[in-house]
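File shown here: my_file_35.pdb, holding PDB, C-alpha atoms, pLDDT in the B column.
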```pdb
ATOM      1  CA  MET A  16       0.000   0.000   0.000  1.00 49.00           C
ATOM      2  CA  ILE A  17       2.749   2.443   0.952  1.00 46.00           C
ATOM      3  CA  PHE A  18       4.773   1.420  -2.082  1.00 40.00           C
ATOM      4  CA  SER A  19       1.767   2.159  -4.358  1.00 44.00           C
ATOM      5  CA  PHE A  20       1.346   5.595  -2.799  1.00 38.00           C
ATOM      6  CA  LEU A  21       5.054   6.421  -3.187  1.00 37.00           C
ATOM      7  CA  PHE A  22       5.080   5.177  -6.779  1.00 37.00           C
ATOM      8  CA  PHE A  23       1.976   7.263  -7.616  1.00 38.00           C
ATOM      9  CA  SER A  24       3.539  10.318  -5.943  1.00 38.00           C
ATOM     10  CA  LEU A  25       6.747   9.863  -7.919  1.00 37.00           C
ATOM     11  CA  ILE A  26       4.877   9.558 -11.228  1.00 36.00           C
ATOM     12  CA  THR A  27       2.686  12.580 -10.433  1.00 33.00           C
ATOM     13  CA  THR A  28       5.677  14.689  -9.409  1.00 32.00           C
ATOM     14  CA  SER A  29       7.695  13.763 -12.478  1.00 31.00           C
ATOM     15  CA  SER A  30       4.776  14.586 -14.782  1.00 29.00           C
ATOM     16  CA  LEU A  31       4.400  17.959 -13.080  1.00 31.00           C
ATOM     17  CA  LEU A  32       8.083  18.654 -13.580  1.00 30.00           C
ATOM     18  CA  GLN A  33       7.847  17.711 -17.250  1.00 32.00           C
ATOM     19  CA  ALA A  34       4.875  20.024 -17.667  1.00 33.00           C
ATOM     20  CA  THR A  35       6.869  23.087 -16.625  1.00 35.00           C
ATOM     21  CA  PRO A  36       5.331  26.109 -18.361  1.00 40.00           C
ATOM     22  CA  SER A  37       7.276  27.515 -21.299  1.00 39.00           C
ATOM     23  CA  PHE A  38       7.313  31.050 -19.856  1.00 41.00           C
ATOM     24  CA  VAL A  39      10.249  30.066 -17.659  1.00 44.00           C
ATOM     25  CA  ASN A  40      12.505  30.472 -20.701  1.00 49.00           C
ATOM     26  CA  HIS A  41      10.947  33.767 -21.831  1.00 61.00           C
ATOM     27  CA  PRO A  42      12.352  36.661 -19.808  1.00 72.00           C
ATOM     28  CA  LEU A  43      10.128  39.497 -18.657  1.00 75.00           C
ATOM     29  CA  ASP A  44      11.571  42.888 -19.428  1.00 68.00           C
ATOM     30  CA  HIS A  45      10.513  46.152 -17.820  1.00 66.00           C
ATOM     31  CA  GLN A  46       9.517  47.722 -21.155  1.00 70.00           C
ATOM     32  CA  SER A  47       6.990  45.027 -22.126  1.00 72.00           C
ATOM     33  CA  LEU A  48       5.636  44.849 -18.573  1.00 76.00           C
ATOM     34  CA  TYR A  49       5.191  48.618 -18.571  1.00 71.00           C
ATOM     35  CA  ARG A  50       3.269  48.509 -21.869  1.00 71.00           C
ATOM     36  CA  VAL A  51       0.843  45.911 -20.489  1.00 74.00           C
ATOM     37  CA  LEU A  52       0.455  47.709 -17.155  1.00 75.00           C
ATOM     38  CA  SER A  53      -0.255  51.006 -18.919  1.00 71.00           C
ATOM     39  CA  LEU A  54      -3.373  49.413 -20.445  1.00 72.00           C
ATOM     40  CA  GLY A  55      -4.768  48.493 -17.043  1.00 74.00           C
ATOM     41  CA  SER A  56      -4.123  51.376 -14.686  1.00 71.00           C
ATOM     42  CA  LEU A  57      -6.775  51.428 -11.946  1.00 74.00           C
ATOM     43  CA  GLY A  58      -7.028  55.209 -12.082  1.00 63.00           C
ATOM     44  CA  ALA A  59      -3.627  55.867 -10.588  1.00 61.00           C
ATOM     45  CA  PRO A  60      -0.599  57.402 -12.248  1.00 61.00           C
ATOM     46  CA  LEU A  61       1.605  54.874 -13.976  1.00 61.00           C
ATOM     47  CA  PRO A  62       4.763  53.828 -12.194  1.00 60.00           C
ATOM     48  CA  LYS A  63       8.001  55.282 -13.416  1.00 59.00           C
ATOM     49  CA  LEU A  64       9.834  52.885 -15.673  1.00 56.00           C
ATOM     50  CA  PRO A  65      12.939  51.704 -13.821  1.00 59.00           C
ATOM     51  CA  GLN A  66      16.177  53.199 -15.107  1.00 55.00           C
ATOM     52  CA  THR A  67      17.812  49.794 -15.074  1.00 57.00           C
ATOM     53  CA  THR A  68      16.596  46.419 -16.241  1.00 61.00           C
ATOM     54  CA  GLU A  69      18.683  44.867 -13.486  1.00 71.00           C
ATOM     55  CA  SER A  70      16.011  45.441 -10.829  1.00 78.00           C
ATOM     56  CA  PRO A  71      14.005  42.459  -9.580  1.00 86.00           C
ATOM     57  CA  ILE A  72      10.236  42.469 -10.152  1.00 88.00           C
ATOM     58  CA  LEU A  73       7.566  41.013  -7.882  1.00 92.00           C
ATOM     59  CA  LEU A  74       4.170  40.465  -9.536  1.00 92.00           C
ATOM     60  CA  GLN A  75       1.173  39.596  -7.415  1.00 95.00           C
ATOM     61  CA  PHE A  76      -2.000  38.468  -9.160  1.00 96.00           C
ATOM     62  CA  TRP A  77      -5.142  39.111  -7.087  1.00 96.00           C
ATOM     63  CA  ALA A  78      -8.931  39.367  -7.433  1.00 96.00           C
ATOM     64  CA  SER A  79     -11.694  41.209  -5.611  1.00 95.00           C
ATOM     65  CA  TRP A  80     -13.300  37.916  -4.553  1.00 95.00           C
ATOM     66  CA  CYS A  81     -10.047  36.557  -3.050  1.00 95.00           C
ATOM     67  CA  HIS A  82     -10.087  37.049   0.718  1.00 90.00           C
ATOM     68  CA  SER A  83      -6.456  36.088   1.328  1.00 92.00           C
ATOM     69  CA  CYS A  84      -5.153  38.401  -1.434  1.00 93.00           C
ATOM     70  CA  SER A  85      -5.525  41.453   0.792  1.00 90.00           C
ATOM     71  CA  THR A  86      -3.513  39.835   3.592  1.00 90.00           C
ATOM     72  CA  VAL A  87      -0.810  38.880   1.110  1.00 93.00           C
ATOM     73  CA  MET A  88      -0.705  42.509  -0.108  1.00 93.00           C
ATOM     74  CA  TRP A  89       0.185  43.652   3.417  1.00 91.00           C
ATOM     75  CA  ASP A  90       2.904  40.997   3.701  1.00 91.00           C
ATOM     76  CA  LEU A  91       4.370  42.085   0.360  1.00 92.00           C
ATOM     77  CA  ASP A  92       4.194  45.742   1.315  1.00 92.00           C
ATOM     78  CA  ASN A  93       6.278  44.975   4.408  1.00 90.00           C
ATOM     79  CA  LEU A  94       8.839  43.156   2.241  1.00 88.00           C
ATOM     80  CA  THR A  95       9.088  46.003  -0.255  1.00 88.00           C
ATOM     81  CA  GLN A  96       9.608  48.540   2.533  1.00 89.00           C
ATOM     82  CA  ALA A  97      12.823  46.691   3.395  1.00 87.00           C
ATOM     83  CA  HIS A  98      13.961  46.452  -0.262  1.00 86.00           C
ATOM     84  CA  LYS A  99      13.510  49.735  -2.140  1.00 83.00           C
ATOM     85  CA  GLU A 100      15.172  48.387  -5.301  1.00 83.00           C
ATOM     86  CA  LEU A 101      12.370  45.824  -5.707  1.00 86.00           C
ATOM     87  CA  HIS A 102       9.553  46.719  -8.107  1.00 85.00           C
ATOM     88  CA  TYR A 103       6.215  45.352  -6.841  1.00 89.00           C
ATOM     89  CA  TYR A 104       3.045  45.389  -8.943  1.00 89.00           C
ATOM     90  CA  ALA A 105      -0.339  43.981  -7.901  1.00 92.00           C
ATOM     91  CA  VAL A 106      -2.379  42.914 -10.940  1.00 93.00           C
ATOM     92  CA  SER A 107      -6.102  42.133 -10.750  1.00 93.00           C
ATOM     93  CA  ILE A 108      -7.443  39.216 -12.771  1.00 95.00           C
ATOM     94  CA  ASP A 109     -11.086  40.245 -12.239  1.00 94.00           C
ATOM     95  CA  LYS A 110     -13.226  39.954 -15.371  1.00 92.00           C
ATOM     96  CA  ASP A 111     -14.546  43.486 -14.818  1.00 90.00           C
ATOM     97  CA  LYS A 112     -12.170  46.433 -14.333  1.00 89.00           C
ATOM     98  CA  LYS A 113     -14.825  48.416 -12.461  1.00 91.00           C
ATOM     99  CA  GLN A 114     -15.256  45.574  -9.958  1.00 92.00           C
ATOM    100  CA  ALA A 115     -11.489  45.506  -9.364  1.00 92.00           C
ATOM    101  CA  PHE A 116     -11.369  49.275  -8.918  1.00 91.00           C
ATOM    102  CA  ASN A 117     -14.359  49.352  -6.544  1.00 92.00           C
ATOM    103  CA  TYR A 118     -12.673  46.743  -4.382  1.00 93.00           C
ATOM    104  CA  ILE A 119      -9.183  48.230  -4.273  1.00 92.00           C
ATOM    105  CA  GLN A 120     -10.004  51.958  -4.262  1.00 91.00           C
ATOM    106  CA  PRO A 121     -10.916  52.175  -0.533  1.00 91.00           C
ATOM    107  CA  HIS A 122      -8.083  49.793   0.435  1.00 91.00           C
ATOM    108  CA  ALA A 123      -5.434  51.427   2.647  1.00 91.00           C
ATOM    109  CA  LEU A 124      -2.589  50.119   0.482  1.00 90.00           C
ATOM    110  CA  PHE A 125      -4.152  51.645  -2.633  1.00 90.00           C
ATOM    111  CA  GLN A 126      -4.236  54.966  -0.802  1.00 89.00           C
ATOM    112  CA  LYS A 127      -0.584  54.517   0.152  1.00 89.00           C
ATOM    113  CA  HIS A 128       0.700  53.218  -3.240  1.00 87.00           C
ATOM    114  CA  PRO A 129      -1.802  53.969  -6.037  1.00 86.00           C
ATOM    115  CA  ASP A 130       0.868  53.382  -8.682  1.00 83.00           C
ATOM    116  CA  ARG A 131       1.231  49.732  -7.656  1.00 88.00           C
ATOM    117  CA  PHE A 132      -2.254  48.416  -8.590  1.00 89.00           C
ATOM    118  CA  PHE A 133      -3.331  47.371 -12.057  1.00 90.00           C
ATOM    119  CA  TYR A 134      -5.964  45.464 -13.988  1.00 89.00           C
ATOM    120  CA  ASP A 135      -4.903  42.652 -16.322  1.00 89.00           C
ATOM    121  CA  TYR A 136      -6.361  44.079 -19.525  1.00 83.00           C
ATOM    122  CA  ASP A 137      -7.377  41.222 -21.858  1.00 84.00           C
ATOM    123  CA  GLN A 138      -5.709  38.805 -19.401  1.00 88.00           C
ATOM    124  CA  GLN A 139      -2.377  39.382 -21.155  1.00 84.00           C
ATOM    125  CA  LEU A 140      -0.190  38.797 -18.091  1.00 87.00           C
ATOM    126  CA  SER A 141      -2.227  36.043 -16.446  1.00 91.00           C
ATOM    127  CA  SER A 142      -2.324  34.135 -19.745  1.00 89.00           C
ATOM    128  CA  ARG A 143       1.368  34.600 -20.386  1.00 86.00           C
ATOM    129  CA  PHE A 144       2.270  33.278 -16.938  1.00 89.00           C
ATOM    130  CA  GLN A 145      -0.505  30.676 -16.775  1.00 92.00           C
ATOM    131  CA  VAL A 146      -2.104  32.087 -13.620  1.00 94.00           C
ATOM    132  CA  LYS A 147      -4.982  29.778 -12.721  1.00 93.00           C
ATOM    133  CA  SER A 148      -5.735  30.904  -9.164  1.00 95.00           C
ATOM    134  CA  VAL A 149      -4.961  33.757  -6.790  1.00 96.00           C
ATOM    135  CA  PRO A 150      -3.005  34.928  -5.043  1.00 97.00           C
ATOM    136  CA  THR A 151      -0.115  34.026  -7.329  1.00 97.00           C
ATOM    137  CA  LEU A 152       3.305  35.575  -6.797  1.00 96.00           C
ATOM    138  CA  LEU A 153       6.081  35.691  -9.372  1.00 93.00           C
ATOM    139  CA  VAL A 154       9.601  36.940  -8.713  1.00 92.00           C
ATOM    140  CA  PHE A 155      11.683  37.893 -11.726  1.00 87.00           C
ATOM    141  CA  GLY A 156      15.372  38.355 -11.136  1.00 84.00           C
ATOM    142  CA  ARG A 157      17.963  40.266 -13.024  1.00 74.00           C
ATOM    143  CA  LYS A 158      17.655  39.749 -16.766  1.00 77.00           C
ATOM    144  CA  GLY A 159      13.912  39.141 -16.280  1.00 81.00           C
ATOM    145  CA  LEU A 160      14.106  35.411 -15.637  1.00 85.00           C
ATOM    146  CA  LEU A 161      11.495  33.809 -13.392  1.00 89.00           C
ATOM    147  CA  LYS A 162      13.166  32.830 -10.129  1.00 91.00           C
ATOM    148  CA  TYR A 163      10.260  32.049  -7.799  1.00 93.00           C
ATOM    149  CA  ARG A 164       6.557  31.223  -8.072  1.00 95.00           C
ATOM    150  CA  HIS A 165       3.988  30.702  -5.338  1.00 96.00           C
ATOM    151  CA  THR A 166       0.240  30.205  -5.549  1.00 95.00           C
ATOM    152  CA  GLY A 167      -2.059  30.421  -2.541  1.00 94.00           C
ATOM    153  CA  HIS A 168      -2.014  32.102   0.819  1.00 90.00           C
ATOM    154  CA  LEU A 169       1.381  32.719   2.401  1.00 90.00           C
ATOM    155  CA  ASN A 170       2.045  30.981   5.696  1.00 93.00           C
ATOM    156  CA  ALA A 171       5.162  31.818   7.754  1.00 93.00           C
ATOM    157  CA  MET A 172       7.312  29.253   5.912  1.00 95.00           C
ATOM    158  CA  ASP A 173       6.157  30.486   2.474  1.00 94.00           C
ATOM    159  CA  LEU A 174       6.845  34.082   3.459  1.00 93.00           C
ATOM    160  CA  GLN A 175      10.356  33.125   4.547  1.00 94.00           C
ATOM    161  CA  ARG A 176      10.982  31.334   1.219  1.00 94.00           C
ATOM    162  CA  LEU A 177       9.751  34.417  -0.651  1.00 93.00           C
ATOM    163  CA  ARG A 178      11.969  36.686   1.448  1.00 92.00           C
ATOM    164  CA  ILE A 179      15.015  34.491   0.693  1.00 92.00           C
ATOM    165  CA  ALA A 180      14.194  34.407  -3.041  1.00 91.00           C
ATOM    166  CA  LEU A 181      13.859  38.198  -3.129  1.00 90.00           C
ATOM    167  CA  GLU A 182      17.006  38.843  -1.142  1.00 89.00           C
ATOM    168  CA  ASP A 183      18.921  36.433  -3.358  1.00 89.00           C
ATOM    169  CA  GLN A 184      17.923  38.443  -6.432  1.00 87.00           C
ATOM    170  CA  ILE A 185      18.586  41.811  -4.808  1.00 82.00           C
ATOM    171  CA  LYS A 186      22.034  40.866  -3.490  1.00 81.00           C
ATOM    172  CA  ARG A 187      23.125  39.069  -6.657  1.00 72.00           C
ATOM    173  CA  PRO A 188      26.016  40.944  -8.319  1.00 63.00           C
ATOM    174  CA  LYS A 189      25.199  42.718 -11.551  1.00 59.00           C
TER     175      LYS A 189
END
```

Spit out the file's structure as structure tokens when you get a sec.
Amino acid sequence: MIFSFLFFSLITTSSLLQATPSFVNHPLDHQSLYRVLSLGSLGAPLPKLPQTTESPILLQFWASWCHSCSTVMWDLDNLTQAHKELHYYAVSIDKDKKQAFNYIQPHALFQKHPDRFFYDYDQQLSSRFQVKSVPTLLVFGRKGLLKYRHTGHLNAMDLQRLRIALEDQIKRPK
């Protein structure tokens, strides 16, 4: 019985590893991200395009119906306060831009950082990165390569893994 379970787990894990999404090999650059974000501003001024493409990017995909997304936003805000060179963007996958705006507009973090929140116009980003549920976090390191991905609520261990992944990208020599 245990052997069957282990064998099934091994087969399932190996098939998941073989089904790694192709976006891993397609770097994200600040220019293309900026173009997509400019289509989905939630009424806030657009962020300034970073002067260097060497800066790490943290993308959080969220939705108005996701209760844990708001908690994750606060966790990520705390992380970005400690790492000013990190570029953090929160992208709504709601089907309706107005619904996303009505949810986020009274949010304290929107008041604090209105240039951080966007709507995924035509699902360009969520399709490109195969986002199937929220919250989903993606960390892109220098050169725009995906270095970390997490889907679901962040517990203490997940938050520590994210912190390590971010710090690794920030401290990495240029």

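Compared by their closest atoms to A:Ser141, and using only C-alpha atoms, the residues A:Leu52, A:Ala115, A:Leu160, A:Leu101 rank with A:Leu52 nearest.
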
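Interatomic distance, atom CA of A:Gln145 against atom CA of A:Arg131: 21.2 Å.
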
Selection in question (the file shown): the PyMOL selection byres ((chain A and resi 166) around 6). Which residues does it include, as a PDB file with C-alpha atoms, in the coordinates of the input?
```pdb
ATOM      1  CA  PRO A 150      -3.005  34.928  -5.043  1.00 97.00           C
ATOM      2  CA  THR A 151      -0.115  34.026  -7.329  1.00 97.00           C
ATOM      3  CA  HIS A 165       3.988  30.702  -5.338  1.00 96.00           C
ATOM      4  CA  GLY A 167      -2.059  30.421  -2.541  1.00 94.00           C
TER       5      GLY A 167
END
```

Practice task
Measure the distance from atom CA of A:Leu43 to atom CA of A:Val149 in Å and round it to one decimal.
Solution key: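 Computing the Euclidean distance for atom CA of A:Leu43 and atom CA of A:Val149 yields 20.0 Å.
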
Exercise for the section: I would like the residues chosen by the PyMOL selection byres ((chain A and resi 135) around 6) on the shown file; could you give them as a list in words? Expected result: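 On the file shown, the PyMOL selection byres ((chain A and resi 135) around 6) covers Gly55, Val106, Ser107, Ile108, Tyr134, Tyr136 and Gln138 of chain A.
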
Exercise for the section: Would you work out the distance separating atom CA of A:Trp89 from atom CA of A:Asp137, expressed in Å to one decimal? Expected result: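 Interatomic distance here is 26.5 Å.
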
Practice task
Check the smallest atom-to-atom distance from each of A:Gln175, A:Arg157, A:Phe133, A:Val146 to A:Ser56 using only C-alpha atoms, then report the winner.
Solution key: A:Phe133

Exercise for the section: Translate the PyMOL selection byres ((chain A and resi 164) around 6), as applied to the file shown, into an explicit residue set as a ChimeraX atom specification. Expected result: /A:152-153,163,165

Handout entry: Near-A:Ser79 list (10 Å; all atoms listed in the file; drop same-chain fewer than 6 positions) as a PyMOL selection string
Key = chain A and resi 85+107-111+114-119

Problem - A:Gly159 environment, 7 Å, only C-alpha atoms, sequence neighbours closer than 2 positions dropped, as a PyMOL selection string - result: chain A and resi 42-44+155-157+161

Completion exercise
Using all atoms listed in the file, the shortest atom-to-atom distance to A:His102 among A:Cys81, A:Leu57, A:Gln75, A:Val51 belongs to A:Gln75

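Using all atoms listed in the file, the nearest neighbour of A:Leu94 within the list A:Glu69, A:Ser148, A:Gln139, A:Leu177 is A:Leu177.
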
When you write stretch 106-120 of chain A out from the block above, keep C-alpha atoms and present the result as a compact mmCIF listing (two decimals), in the first residue's frame, please.
```
# COMPACT_ATOMS: atom_id res chain seq x y z
CA VAL A 106 -2.38 42.91 -10.94
CA SER A 107 -6.10 42.13 -10.75
CA ILE A 108 -7.44 39.22 -12.77
CA ASP A 109 -11.09 40.25 -12.24
CA LYS A 110 -13.23 39.95 -15.37
CA ASP A 111 -14.55 43.49 -14.82
CA LYS A 112 -12.17 46.43 -14.33
CA LYS A 113 -14.82 48.42 -12.46
CA GLN A 114 -15.26 45.57 -9.96
CA ALA A 115 -11.49 45.51 -9.36
CA PHE A 116 -11.37 49.27 -8.92
CA ASN A 117 -14.36 49.35 -6.54
CA TYR A 118 -12.67 46.74 -4.38
CA ILE A 119 -9.18 48.23 -4.27
CA GLN A 120 -10.00 51.96 -4.26
```
